[in-house]
Amino acid sequence: MKQGVLFLCPTPIGNLEDITLRVLRILREVDLIAAEDTRHTRKLLAHYDIHTSMVSYREHNRHQMGRHLLNLLSAGQKIALVSDAGMPGISDPGEELVSLAVAHGIPVVPLPGPNAALAALVASGLPTSSFCFEGFLPAAAGTRRRKLEDLKGERRTIIFYEAPHRLLESLTDMLNIFGERQVAIARELTKKYEEIWRGTLSQALEHFRLNPPRGEFTLVVAGAREGDVPGARDEFWQGLSPKEHVVLLQARGMDRKEAIREVARQRGMPRRDVYNQVVRDRDDED
Ligand code: SAM
């Protein structure tokens, strides 16, 4: 009986030349391509004169289409999985199809190729011997900050994906929670306006406040040093009064309400007490 195979085919993250000869051959030879964004992939296939049939496998149809693809694989079809860009299965629904295939004994063949996280890491100038990948941070401020708190003691270099409209918020939260650290911000890798910005978190904030973020971003943040591990070092705000602490966070981009909430969280104080101190001190000045 014919054996079905799921091929994981990485595609360019910008530059159409970044595709291997083997990926092109597999895309030509398979029975079907399952693509996250068929319009996007159609352009790639047209560029390389590939005419294989395509179906859409994306976040919204992944349960139903996943079962359909599994049936085809079980019936012996060869299927190539392609994400919007880069390595399928990294921050996209591919992960789910792979685990379904593995659970049903379907051979999964990974092909090497482009990936934004690794490209950013190797160019970052930060340690590459040990790193972790966190993908996208949660969009909700509270959950994002809790996630960053959990990562505060992480010693390995940390890689994040980030949307341009959230970049400043995430950098602000990282600075407030991690303290000052080195960061490399890779923008539009492999594309015309490729830029790898390197500096500290506060310099990054200054830079991207002046140059509003546009395009696709991958952040590579230095891991915690010995002294950054929770409990091992004074917090950056020690020596500041709660009011000064609020003013510092406001200077780093938070509005007053957010800064009061964050100061209360960082110092383990009731929010009302922080608020009262800010208001009382202001009244004293009046
Ligand atoms: N599977 C893809 C991979 O292997 O790179 C990642 C998919 S994830 C949905 C898309 C995110 O990757 C973008 O929002 C951005 O954070 C990052 N990214 C993709 N292309 C990039 C590029 N050319 N330059 C910098 N970051 C990029």
# chains A, B, ... in the order shown; residues from 1 in each chain; ligands from 1
call {"tool": "closest_atom_pairs", "arguments": {"of": "chain A", "to": "ligand 1", "cutoff": "8 Å", "atoms": "only C-alpha atoms and all ligand atoms", "output": "Markdown table"}}
result
| residue | atom | partner | partner_atom_place_in_ligand_line | distance |
| --- | --- | --- | --- | --- |
| A:Pro10 | CA | ligand 1 | 4 (O) | 7.4 |
| A:Ile13 | CA | ligand 1 | 20 (N) | 4.8 |
| A:Gly14 | CA | ligand 1 | 23 (N) | 5.3 |
| A:Ser83 | CA | ligand 1 | 1 (N) | 6.2 |
| A:Asp84 | CA | ligand 1 | 7 (C) | 6.9 |
| A:Ala85 | CA | ligand 1 | 2 (C) | 5.3 |
| A:Gly86 | CA | ligand 1 | 4 (O) | 3.7 |
| A:Met87 | CA | ligand 1 | 4 (O) | 3.6 |
| A:Pro88 | CA | ligand 1 | 1 (N) | 5.1 |
| A:Gly89 | CA | ligand 1 | 1 (N) | 6.3 |
| A:Ile90 | CA | ligand 1 | 1 (N) | 4.4 |
| A:Ser91 | CA | ligand 1 | 8 (S) | 4.9 |
| A:Asp92 | CA | ligand 1 | 9 (C) | 5.3 |
| A:Pro114 | CA | ligand 1 | 4 (O) | 6.4 |
| A:Asn115 | CA | ligand 1 | 4 (O) | 3.7 |
| A:Ala116 | CA | ligand 1 | 5 (O) | 3.8 |
| A:Ala117 | CA | ligand 1 | 5 (O) | 5.8 |
| A:Leu118 | CA | ligand 1 | 5 (O) | 8.0 |
| A:Ala120 | CA | ligand 1 | 25 (C) | 7.3 |
| A:Gly135 | CA | ligand 1 | 8 (S) | 7.7 |
| A:Phe136 | CA | ligand 1 | 16 (O) | 7.3 |
| A:Phe160 | CA | ligand 1 | 16 (O) | 7.2 |
| A:Tyr161 | CA | ligand 1 | 16 (O) | 3.6 |
| A:Glu162 | CA | ligand 1 | 16 (O) | 4.4 |
| A:Ala163 | CA | ligand 1 | 14 (O) | 5.4 |
| A:Ala186 | CA | ligand 1 | 25 (C) | 5.4 |
| A:Arg187 | CA | ligand 1 | 25 (C) | 4.6 |
| A:Glu188 | CA | ligand 1 | 24 (N) | 3.7 |
| A:Leu189 | CA | ligand 1 | 24 (N) | 3.7 |
| A:Thr190 | CA | ligand 1 | 23 (N) | 5.8 |
| A:Lys191 | CA | ligand 1 | 23 (N) | 6.4 |
| A:Glu194 | CA | ligand 1 | 24 (N) | 7.4 |
| A:Gly215 | CA | ligand 1 | 24 (N) | 7.7 |
| A:Glu216 | CA | ligand 1 | 26 (N) | 4.5 |
| A:Phe217 | CA | ligand 1 | 26 (N) | 4.0 |
| A:Thr218 | CA | ligand 1 | 26 (N) | 4.4 |
| A:Leu219 | CA | ligand 1 | 16 (O) | 7.9 |
call {"tool": "write_last_selection", "arguments": {"atoms": "C-alpha atoms", "output": "mmCIF file, in the first residue's frame"}}
result
data_model
loop_
_atom_site.group_PDB
_atom_site.id
_atom_site.type_symbol
_atom_site.label_atom_id
_atom_site.label_comp_id
_atom_site.auth_asym_id
_atom_site.auth_seq_id
_atom_site.Cartn_x
_atom_site.Cartn_y
_atom_site.Cartn_z
ATOM 1 C CA PRO A 10 10.049 26.045 4.959
ATOM 2 C CA ILE A 13 10.583 34.996 5.172
ATOM 3 C CA GLY A 14 10.981 37.777 2.619
ATOM 4 C CA SER A 83 3.233 28.227 6.562
ATOM 5 C CA ASP A 84 2.739 31.871 5.719
ATOM 6 C CA ALA A 85 6.530 32.207 5.820
ATOM 7 C CA GLY A 86 9.469 30.421 7.379
ATOM 8 C CA MET A 87 9.483 27.074 9.163
ATOM 9 C CA PRO A 88 6.024 25.471 9.440
ATOM 10 C CA GLY A 89 5.151 24.618 13.025
ATOM 11 C CA ILE A 90 6.906 27.630 14.578
ATOM 12 C CA SER A 91 4.252 30.072 15.877
ATOM 13 C CA ASP A 92 1.661 28.800 13.396
ATOM 14 C CA PRO A 114 14.427 29.849 6.670
ATOM 15 C CA ASN A 115 13.269 30.777 10.150
ATOM 16 C CA ALA A 116 13.124 34.326 11.533
ATOM 17 C CA ALA A 117 14.027 33.325 15.117
ATOM 18 C CA LEU A 118 17.289 31.587 14.249
ATOM 19 C CA ALA A 120 17.849 36.935 14.286
ATOM 20 C CA GLY A 135 7.246 33.222 20.295
ATOM 21 C CA PHE A 136 4.685 36.012 20.727
ATOM 22 C CA PHE A 160 10.499 36.744 20.928
ATOM 23 C CA TYR A 161 8.339 37.496 17.903
ATOM 24 C CA GLU A 162 6.545 40.832 18.135
ATOM 25 C CA ALA A 163 3.995 42.791 16.129
ATOM 26 C CA ALA A 186 15.824 42.278 13.834
ATOM 27 C CA ARG A 187 13.436 43.995 11.471
ATOM 28 C CA GLU A 188 12.402 42.882 7.993
ATOM 29 C CA LEU A 189 15.062 40.163 7.784
ATOM 30 C CA THR A 190 16.040 39.201 4.212
ATOM 31 C CA LYS A 191 13.946 42.098 2.837
ATOM 32 C CA GLU A 194 16.460 44.707 6.708
ATOM 33 C CA GLY A 215 7.415 45.751 9.361
ATOM 34 C CA GLU A 216 8.143 42.388 10.966
ATOM 35 C CA PHE A 217 10.171 42.170 14.168
ATOM 36 C CA THR A 218 12.093 39.508 16.043
ATOM 37 C CA LEU A 219 13.618 40.439 19.407
#
call {"tool": "residues_around", "arguments": {"residues": "Val5 of chain A", "least_positions_apart": "4", "cutoff": "8 Å", "atoms": "only C-alpha atoms", "output": "list in words"}}
result
Leu73, Gly76, Gln77, Lys78, Ile79, Ile106, Pro107, Val108 and Val109 of chain A
call {"tool": "write_last_selection", "arguments": {"atoms": "all heavy atoms", "output": "tab-separated table (two decimals), in the first residue's frame"}}
result
chain	number	residue	atom	x	y	z
A	73	LEU	N	-3.61	11.54	4.24
A	73	LEU	CA	-2.30	10.95	4.55
A	73	LEU	C	-2.46	9.45	4.82
A	73	LEU	O	-1.67	8.63	4.34
A	73	LEU	CB	-1.68	11.65	5.77
A	73	LEU	CG	-1.16	13.08	5.54
A	73	LEU	CD1	-0.99	13.81	6.86
A	73	LEU	CD2	0.16	13.07	4.77
A	76	GLY	N	-2.56	7.36	1.90
A	76	GLY	CA	-1.32	7.23	1.13
A	76	GLY	C	-0.87	8.49	0.40
A	76	GLY	O	0.10	8.45	-0.36
A	77	GLN	N	-1.56	9.61	0.61
A	77	GLN	CA	-1.15	10.83	-0.12
A	77	GLN	C	0.10	11.45	0.50
A	77	GLN	O	0.34	11.33	1.71
A	77	GLN	CB	-2.28	11.85	-0.09
A	77	GLN	CG	-3.47	11.39	-0.90
A	77	GLN	CD	-4.08	12.52	-1.73
A	77	GLN	OE1	-3.68	13.67	-1.65
A	77	GLN	NE2	-5.05	12.15	-2.53
A	78	LYS	N	0.87	12.12	-0.35
A	78	LYS	CA	2.03	12.88	0.13
A	78	LYS	C	1.61	14.35	0.17
A	78	LYS	O	1.12	14.89	-0.82
A	78	LYS	CB	3.22	12.67	-0.80
A	78	LYS	CG	3.66	11.19	-0.83
A	78	LYS	CD	5.06	11.04	-1.34
A	78	LYS	CE	5.61	9.62	-1.39
A	78	LYS	NZ	4.93	8.54	-0.73
A	79	ILE	N	1.80	14.94	1.34
A	79	ILE	CA	1.34	16.33	1.53
A	79	ILE	C	2.49	17.20	2.02
A	79	ILE	O	3.25	16.79	2.91
A	79	ILE	CB	0.16	16.37	2.54
A	79	ILE	CG1	-1.02	15.57	1.98
A	79	ILE	CG2	-0.26	17.81	2.85
A	79	ILE	CD1	-2.25	15.51	2.88
A	106	ILE	N	1.93	8.53	10.95
A	106	ILE	CA	2.27	9.00	9.60
A	106	ILE	C	3.70	9.53	9.63
A	106	ILE	O	4.03	10.36	10.50
A	106	ILE	CB	1.33	10.17	9.17
A	106	ILE	CG1	-0.14	9.81	9.32
A	106	ILE	CG2	1.69	10.70	7.78
A	106	ILE	CD1	-0.69	8.86	8.29
A	107	PRO	N	4.57	9.12	8.72
A	107	PRO	CA	5.93	9.67	8.71
A	107	PRO	C	5.92	11.18	8.46
A	107	PRO	O	5.17	11.67	7.61
A	107	PRO	CB	6.62	8.94	7.54
A	107	PRO	CG	5.77	7.76	7.26
A	107	PRO	CD	4.38	8.09	7.68
A	108	VAL	N	6.73	11.89	9.23
A	108	VAL	CA	6.85	13.35	9.09
A	108	VAL	C	8.29	13.66	8.68
A	108	VAL	O	9.22	13.24	9.37
A	108	VAL	CB	6.51	14.07	10.43
A	108	VAL	CG1	6.73	15.57	10.31
A	108	VAL	CG2	5.08	13.77	10.85
A	109	VAL	N	8.46	14.34	7.56
A	109	VAL	CA	9.81	14.63	7.07
A	109	VAL	C	10.05	16.14	7.13
A	109	VAL	O	9.42	16.90	6.39
A	109	VAL	CB	10.00	14.11	5.62
A	109	VAL	CG1	11.37	14.49	5.07
A	109	VAL	CG2	9.78	12.61	5.56
call {"tool": "residues_around", "arguments": {"residues": "segment 235-243 of chain A", "least_positions_apart": "2", "cutoff": "8 Å", "atoms": "only C-alpha atoms", "output": "list in words"}}
result
Gly179, Arg233, His245, Val246, Val247, Val263, Val274, Gln277, Val278 and Asp281 of chain A
call {"tool": "atom_distance", "arguments": {"atom1": "atom CA of Glu36 of chain A", "atom2": "atom CA of Pro112 of chain A"}}
result
18.2 Å
call {"tool": "select_by_dssp", "arguments": {"residues": "segment 24-145 of chain A", "states": "strand (DSSP E or B)", "output": "MDAnalysis selection string"}}
result
chainID A and resid 32:35 54:56 78:82 86 108:110 131:136
call {"tool": "write_last_selection", "arguments": {"atoms": "N, CA, C and O atoms", "output": "PDB file, in the first residue's frame"}}
result
ATOM      1  N   LEU A  32      -0.433  17.184  -2.753  1.00  0.00           N
ATOM      2  CA  LEU A  32      -1.187  18.347  -2.283  1.00  0.00           C
ATOM      3  C   LEU A  32      -0.291  19.231  -1.406  1.00  0.00           C
ATOM      4  O   LEU A  32       0.553  18.710  -0.669  1.00  0.00           O
ATOM      5  N   ILE A  33      -0.516  20.548  -1.494  1.00  0.00           N
ATOM      6  CA  ILE A  33       0.168  21.467  -0.571  1.00  0.00           C
ATOM      7  C   ILE A  33      -0.878  22.027   0.387  1.00  0.00           C
ATOM      8  O   ILE A  33      -1.919  22.544  -0.057  1.00  0.00           O
ATOM      9  N   ALA A  34      -0.617  21.910   1.690  1.00  0.00           N
ATOM     10  CA  ALA A  34      -1.495  22.527   2.693  1.00  0.00           C
ATOM     11  C   ALA A  34      -0.813  23.819   3.113  1.00  0.00           C
ATOM     12  O   ALA A  34       0.261  23.792   3.722  1.00  0.00           O
ATOM     13  N   ALA A  35      -1.424  24.962   2.750  1.00  0.00           N
ATOM     14  CA  ALA A  35      -0.763  26.256   2.967  1.00  0.00           C
ATOM     15  C   ALA A  35      -1.567  27.110   3.938  1.00  0.00           C
ATOM     16  O   ALA A  35      -2.800  27.142   3.884  1.00  0.00           O
ATOM     17  N   MET A  54      -3.532  23.003  -4.089  1.00  0.00           N
ATOM     18  CA  MET A  54      -3.302  23.580  -2.766  1.00  0.00           C
ATOM     19  C   MET A  54      -4.620  23.638  -1.984  1.00  0.00           C
ATOM     20  O   MET A  54      -5.677  23.872  -2.569  1.00  0.00           O
ATOM     21  N   VAL A  55      -4.552  23.410  -0.664  1.00  0.00           N
ATOM     22  CA  VAL A  55      -5.712  23.680   0.194  1.00  0.00           C
ATOM     23  C   VAL A  55      -5.242  24.599   1.314  1.00  0.00           C
ATOM     24  O   VAL A  55      -4.040  24.697   1.585  1.00  0.00           O
ATOM     25  N   SER A  56      -6.227  25.245   1.939  1.00  0.00           N
ATOM     26  CA  SER A  56      -5.859  26.163   3.015  1.00  0.00           C
ATOM     27  C   SER A  56      -5.925  25.417   4.364  1.00  0.00           C
ATOM     28  O   SER A  56      -6.913  24.763   4.685  1.00  0.00           O
ATOM     29  N   LYS A  78       0.872  12.120  -0.347  1.00  0.00           N
ATOM     30  CA  LYS A  78       2.034  12.878   0.131  1.00  0.00           C
ATOM     31  C   LYS A  78       1.614  14.346   0.169  1.00  0.00           C
ATOM     32  O   LYS A  78       1.122  14.885  -0.821  1.00  0.00           O
ATOM     33  N   ILE A  79       1.802  14.944   1.341  1.00  0.00           N
ATOM     34  CA  ILE A  79       1.336  16.329   1.530  1.00  0.00           C
ATOM     35  C   ILE A  79       2.488  17.196   2.020  1.00  0.00           C
ATOM     36  O   ILE A  79       3.249  16.788   2.910  1.00  0.00           O
ATOM     37  N   ALA A  80       2.621  18.389   1.429  1.00  0.00           N
ATOM     38  CA  ALA A  80       3.623  19.359   1.906  1.00  0.00           C
ATOM     39  C   ALA A  80       2.901  20.412   2.738  1.00  0.00           C
ATOM     40  O   ALA A  80       1.913  20.993   2.281  1.00  0.00           O
ATOM     41  N   LEU A  81       3.403  20.655   3.939  1.00  0.00           N
ATOM     42  CA  LEU A  81       2.835  21.708   4.787  1.00  0.00           C
ATOM     43  C   LEU A  81       3.708  22.952   4.658  1.00  0.00           C
ATOM     44  O   LEU A  81       4.935  22.885   4.807  1.00  0.00           O
ATOM     45  N   VAL A  82       3.047  24.077   4.360  1.00  0.00           N
ATOM     46  CA  VAL A  82       3.750  25.339   4.141  1.00  0.00           C
ATOM     47  C   VAL A  82       3.080  26.403   5.005  1.00  0.00           C
ATOM     48  O   VAL A  82       1.857  26.511   5.002  1.00  0.00           O
ATOM     49  N   GLY A  86       8.544  31.061   6.438  1.00  0.00           N
ATOM     50  CA  GLY A  86       9.469  30.421   7.379  1.00  0.00           C
ATOM     51  C   GLY A  86       9.167  28.956   7.620  1.00  0.00           C
ATOM     52  O   GLY A  86       8.579  28.258   6.790  1.00  0.00           O
ATOM     53  N   VAL A 108       6.730  11.894   9.234  1.00  0.00           N
ATOM     54  CA  VAL A 108       6.846  13.355   9.085  1.00  0.00           C
ATOM     55  C   VAL A 108       8.287  13.655   8.681  1.00  0.00           C
ATOM     56  O   VAL A 108       9.217  13.239   9.370  1.00  0.00           O
ATOM     57  N   VAL A 109       8.456  14.342   7.561  1.00  0.00           N
ATOM     58  CA  VAL A 109       9.810  14.631   7.068  1.00  0.00           C
ATOM     59  C   VAL A 109      10.053  16.138   7.128  1.00  0.00           C
ATOM     60  O   VAL A 109       9.422  16.901   6.387  1.00  0.00           O
ATOM     61  N   PRO A 110      10.953  16.595   8.028  1.00  0.00           N
ATOM     62  CA  PRO A 110      11.236  18.038   8.101  1.00  0.00           C
ATOM     63  C   PRO A 110      12.334  18.421   7.115  1.00  0.00           C
ATOM     64  O   PRO A 110      13.353  17.741   7.026  1.00  0.00           O
ATOM     65  N   PHE A 131      19.906  29.020  24.277  1.00  0.00           N
ATOM     66  CA  PHE A 131      18.870  30.047  24.067  1.00  0.00           C
ATOM     67  C   PHE A 131      17.495  29.424  24.218  1.00  0.00           C
ATOM     68  O   PHE A 131      17.353  28.199  24.208  1.00  0.00           O
ATOM     69  N   CYS A 132      16.464  30.270  24.381  1.00  0.00           N
ATOM     70  CA  CYS A 132      15.102  29.751  24.374  1.00  0.00           C
ATOM     71  C   CYS A 132      14.245  30.626  23.480  1.00  0.00           C
ATOM     72  O   CYS A 132      14.544  31.800  23.259  1.00  0.00           O
ATOM     73  N   PHE A 133      13.186  30.028  22.959  1.00  0.00           N
ATOM     74  CA  PHE A 133      12.288  30.707  22.035  1.00  0.00           C
ATOM     75  C   PHE A 133      10.933  30.857  22.721  1.00  0.00           C
ATOM     76  O   PHE A 133      10.379  29.874  23.193  1.00  0.00           O
ATOM     77  N   GLU A 134      10.427  32.088  22.789  1.00  0.00           N
ATOM     78  CA  GLU A 134       9.155  32.321  23.481  1.00  0.00           C
ATOM     79  C   GLU A 134       8.022  32.681  22.534  1.00  0.00           C
ATOM     80  O   GLU A 134       6.897  32.858  22.964  1.00  0.00           O
ATOM     81  N   GLY A 135       8.306  32.851  21.243  1.00  0.00           N
ATOM     82  CA  GLY A 135       7.246  33.222  20.295  1.00  0.00           C
ATOM     83  C   GLY A 135       6.652  34.575  20.649  1.00  0.00           C
ATOM     84  O   GLY A 135       7.364  35.463  21.130  1.00  0.00           O
ATOM     85  N   PHE A 136       5.340  34.730  20.441  1.00  0.00           N
ATOM     86  CA  PHE A 136       4.685  36.012  20.727  1.00  0.00           C
ATOM     87  C   PHE A 136       4.340  36.103  22.212  1.00  0.00           C
ATOM     88  O   PHE A 136       3.817  35.146  22.788  1.00  0.00           O
TER      89      PHE A 136
END
call {"tool": "select_by_dssp", "arguments": {"residues": "segment 148-262 of chain A", "states": "helix (DSSP H, G or I)", "output": "mmCIF file with C-alpha atoms, in the first residue's frame"}}
result
data_model
loop_
_atom_site.group_PDB
_atom_site.id
_atom_site.type_symbol
_atom_site.label_atom_id
_atom_site.label_comp_id
_atom_site.auth_asym_id
_atom_site.auth_seq_id
_atom_site.Cartn_x
_atom_site.Cartn_y
_atom_site.Cartn_z
ATOM 1 C CA LEU A 148 7.911 38.407 31.680
ATOM 2 C CA GLU A 149 8.071 38.017 35.480
ATOM 3 C CA ASP A 150 8.318 34.254 34.929
ATOM 4 C CA LEU A 151 11.178 34.824 32.475
ATOM 5 C CA PRO A 164 5.074 46.361 15.290
ATOM 6 C CA HIS A 165 2.136 47.952 17.128
ATOM 7 C CA ARG A 166 3.090 46.148 20.369
ATOM 8 C CA LEU A 167 6.841 46.669 20.201
ATOM 9 C CA LEU A 168 7.000 49.758 22.443
ATOM 10 C CA GLU A 169 4.699 48.247 25.087
ATOM 11 C CA SER A 170 6.712 45.047 25.192
ATOM 12 C CA LEU A 171 10.057 46.877 25.404
ATOM 13 C CA THR A 172 8.657 49.058 28.215
ATOM 14 C CA ASP A 173 7.497 45.991 30.142
ATOM 15 C CA MET A 174 10.830 44.229 29.577
ATOM 16 C CA LEU A 175 12.760 47.236 30.855
ATOM 17 C CA ASN A 176 10.547 47.532 33.914
ATOM 18 C CA ILE A 177 10.597 43.842 34.727
ATOM 19 C CA PHE A 178 14.023 42.625 33.539
ATOM 20 C CA LEU A 201 16.403 48.071 26.267
ATOM 21 C CA SER A 202 16.181 51.771 27.194
ATOM 22 C CA GLN A 203 18.128 52.816 24.072
ATOM 23 C CA ALA A 204 15.770 50.618 22.025
ATOM 24 C CA LEU A 205 12.773 52.416 23.512
ATOM 25 C CA GLU A 206 14.286 55.772 22.687
ATOM 26 C CA HIS A 207 15.152 54.643 19.140
ATOM 27 C CA PHE A 208 11.727 53.183 18.339
ATOM 28 C CA ARG A 209 9.864 56.118 19.900
ATOM 29 C CA LEU A 210 11.689 58.341 17.426
ATOM 30 C CA GLU A 226 24.058 36.239 38.022
ATOM 31 C CA GLY A 227 22.843 39.375 39.786
ATOM 32 C CA ASP A 228 19.539 39.588 37.845
ATOM 33 C CA PRO A 242 6.797 54.907 45.505
ATOM 34 C CA LYS A 243 6.111 58.295 43.954
ATOM 35 C CA GLU A 244 9.558 58.459 42.306
ATOM 36 C CA HIS A 245 9.027 54.897 41.126
ATOM 37 C CA VAL A 246 5.724 55.932 39.476
ATOM 38 C CA VAL A 247 7.395 58.947 37.843
ATOM 39 C CA LEU A 248 10.176 56.704 36.459
ATOM 40 C CA LEU A 249 7.667 54.298 34.902
ATOM 41 C CA GLN A 250 5.761 57.247 33.421
ATOM 42 C CA ALA A 251 9.018 58.505 31.899
ATOM 43 C CA ARG A 256 -0.175 57.298 35.467
ATOM 44 C CA LYS A 257 -2.850 54.675 36.131
ATOM 45 C CA GLU A 258 -0.761 51.904 34.583
ATOM 46 C CA ALA A 259 2.359 53.079 36.423
ATOM 47 C CA ILE A 260 0.552 53.045 39.788
ATOM 48 C CA ARG A 261 -0.725 49.529 39.126
ATOM 49 C CA GLU A 262 2.747 48.346 38.108
#
call {"tool": "atom_distance", "arguments": {"atom1": "atom CA of Glu96 of chain A", "atom2": "atom CA of Arg25 of chain A"}}
result
24.7 Å
call {"tool": "atom_distance", "arguments": {"atom1": "atom CA of Gly105 of chain A", "atom2": "atom CA of Ile26 of chain A"}}
result
20.7 Å
call {"tool": "residues_around", "arguments": {"residues": "Gly125 of chain A", "least_positions_apart": "3", "cutoff": "9 Å", "atoms": "only C-alpha atoms", "output": "list in words"}}
result
Leu121, Val122, Thr128, Ala184 and Arg198 of chain A
call {"tool": "write_last_selection", "arguments": {"atoms": "C-alpha atoms", "output": "CSV table (one decimal), in the first residue's frame"}}
result
chain,number,residue,atom,x,y,z
A,121,LEU,CA,19.6,34.9,17.0
A,122,VAL,CA,22.8,34.2,15.0
A,128,THR,CA,24.0,31.5,21.0
A,184,ALA,CA,19.0,42.9,19.3
A,198,ARG,CA,21.6,46.5,18.8
